[in-house]
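**Student:** A single structure is presented below for examination.
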Amino acid sequence: MKSRIEKLLKLAVNELAGRDVLSDPGMVDILVEKPSKKEFGDFTTNVAMLIASAEGKPPRDIASMIVNTIRDSHVDIFSSVEIAGPGFINFRVSPAYWVGVLKDILNNKDDYGKSAYGKGKRVQIEFVSANPTGPLHVGHGRGAAVGDTLANILKATGFHVETEYYINDVGNQMNTLGRSVFARYLELLGRKLDFPEDGYQGDYIKDIAEEIRKRYHDDLLHYSTDEAVALCRDFASDVILEGIKEDLDLFGIKFDRWFSEKVLHEDGKIQQAIDTLASRDLVYNSDGALWFRSSRFGDEKDRVVRKRDGTLTYFASDIAYHMDKLARGYDTIIDIWGADHHGYVSRMRAAVKALGGSERSFHALLIQLVSLERAGRPVYMSTRKGEFVTLREILDEVGKDAARYFFLMRKCDSHLVFDLELAKKKTEENPVFYIQYAHARICSILRKASEMGMVPDVDGADLDYVSKGDDLELIKVLAGYPSLLVSCARSMEPHHVSFYLLELAGLFHRFYNKNKVISDNKELSLARLCLVDAVRQVLVSGLSIMGIDAPEVM
RNA sequence: GCGCCUGUAGCUCAGUUGGAUAGAGCAACGGACUUCUAAUCCGUAGGUCGGGCGUUCGAGUCGCCCCAGGCGCGCCA
């Protein structure tokens, strides 16, 4: 609807320009939005004011010319088009149009809300990408929920999406993992060895050591330390990665691709990336290290890719990894990182640009910290001591649905306070419960109707019965669903879906308390069954985009 | 010191290229079950949009300067 009005406005503005009333029609973006007050109508635009300030003419005059042009085009979807305030043009859409929307929803079923906005462009989205040195914690959970939901939104709006998890399975932290596990292994065999200073402290390290002891008994004592550490490292990495996959599975997340950093090394891709940069004179030697001229591409300073000791930096792998992504020909690359990596964004963007990616093809979304509370009291976490709260613990305590909803109820770059008690509550205080309850209520109504021999039937019902009052309010919110998804896709902000569903559920609960769906009025009942079925459909659709179940009975 | 993010009702937060009298949920207070699920709903109250200056017809939104909190500024990952 919104885009339809935008097209009409564009035609009108172009026509005025053709009649020399206006000079340059292309200079303003036409934007239609929802007015701040219901009294102002269903849609509004400020184009007249924008043109007026560009042309130096009175806004209301421009507005009236636009309105007359639209009236002349004999479009019958409006019940009124008015000029208001300083020069807004307000549109009120006719009831017949809204009824058409309702039919559209019911006929399109699960496809309602989907659009071709993305035009099939290929988007690659990488998220979680936690090192296989320990289980996923709460922060990874937020990144996972945001990434997966964004992927779903982009799919629904016509993008071709691929999701990917990058495994940092090489480097110092992996050796530290190996040494930590080996130390615990020796401990199990009664040998005392100093635990590495920077070692991983969690109990899961001990569990892994125990598994190694069960399988290899004391064999490792006969290995060289390097061999033993390497075995522990690889064993632990495999076990932990399996655990991560299990956790993600419980969280409802499947990746299209798991990309190993180790493979990049083995295939010589990192050297290739450096060679590529070198061939463009974008690296140089200094102080015995090899530097990438990232400052030429907007970074604050140049960055080292090969250290003086000959080893490669983490950044070098990332350059190679992103070169690989670019080679795969995506139109857009989205990386989702923890907010503590924000210092990394400009150098990564520089690398992408240096490798031929466009300014707009690379996006880094930063996920702010999650702090946990239990009924208002903070739950403290310390990764260093291994006392972090894992994603698994959250899932075990509050369940997948609540966890996913809570992770998505804030803009991703604001801090999130996750209250575990609230997430478990079965009352209206808990938004995810409130939304699911609305869905279950509708299912209950549909069951009852079905027992009475009534089913929602678009063609059999006279939908004019629901084209006014509270019924119409529901249709209007349902009608906004497709453009909501487009707006989420454009801004890459999935959190709006959670707000939308809360609004829709609230509107339904109010409707329910005020109006009977099944009543003595058979015609009205049949029409309202269609209406609530449409609400149910959109609730299911929105929840499924967020990866949340829609129970039929609660 | 430099950079990024955040600052909106008691709490947690929305607010889409600058637009009409700044919104929601929770908490608080007062009400509604002979009912398709009261696990819900209705009503009341709640604000110097961190502060200041500026840009303009118009600023929560843009610019500059302060204040507060978080994070980042390695040949660490």
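Chain identifiers are assigned as A, B, and so on, following the order in which chains appear in the structure tokens; residues are numbered from 1 within each chain, and ligands are numbered from 1 in order of appearance.
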Can you work out which residues from chain A touch chain B at a cut-off of 6 Å (counting only C-alpha atoms (C1' of nucleotides)) and hand them back as a list in words?
**Tutor:** Lys307, Asp340, Gly343, Lys426, Thr427, Ile445 and Asn513 of chain A
**Student:** Leaving out Cys530 (chain A) and any residue of its chain fewer than 4 positions from it, which residues lie within 12 Å of it when counting only C-alpha atoms (C1' of nucleotides), given as a ChimeraX atom specification?
**Tutor:** /A:99,101-107,109,442,445-446,449,454-466,471,474-475,517-518,523-526,534-537
**Student:** Counting only C-alpha atoms (C1' of nucleotides), what is within 9 Å of Asp234 (chain A), bar same-chain residues fewer than 6 positions away, as number ranges by chain?
**Tutor:** A: 169, 174, 178
**Student:** For the selection just defined, write its residues with N, CA, C and O atoms to a file, as a short mmCIF file (atom, residue, chain, number, x, y, z; two decimals), in the first residue's frame.
**Tutor:**
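What landed in part.cif:
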```cif
data_model
loop_
_atom_site.label_atom_id
_atom_site.label_comp_id
_atom_site.auth_asym_id
_atom_site.auth_seq_id
_atom_site.Cartn_x
_atom_site.Cartn_y
_atom_site.Cartn_z
N ASP A 169 39.82 -22.18 14.09
CA ASP A 169 40.36 -23.42 14.65
C ASP A 169 41.87 -23.49 14.51
O ASP A 169 42.44 -24.56 14.33
N MET A 174 44.09 -21.88 20.28
CA MET A 174 43.89 -23.32 20.15
C MET A 174 44.99 -24.09 20.90
O MET A 174 44.73 -25.13 21.50
N GLY A 178 44.78 -26.71 23.97
CA GLY A 178 45.46 -28.00 24.05
C GLY A 178 46.26 -28.14 25.35
O GLY A 178 46.20 -29.18 26.02
#
```
**Student:** Would you please extract all helix (DSSP H, G or I) residues from region 101-325 of chain A, as assigned by DSSP on the backbone, and give them as a PyMOL selection string?
**Tutor:** chain A and resi 101-111+138-156+172-188+203-216+219-222+225-250+261-266+269-279+294-297+314-325
**Student:** Which residue is closest to Gly41 (chain A)? Choose from A:Asn175, A:Thr149, A:Ser79, A:Asn521 and count only C-alpha atoms.
**Tutor:**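 Once distances to Gly41 (chain A) are computed over only C-alpha atoms, the minimum belongs to A:Ser79.
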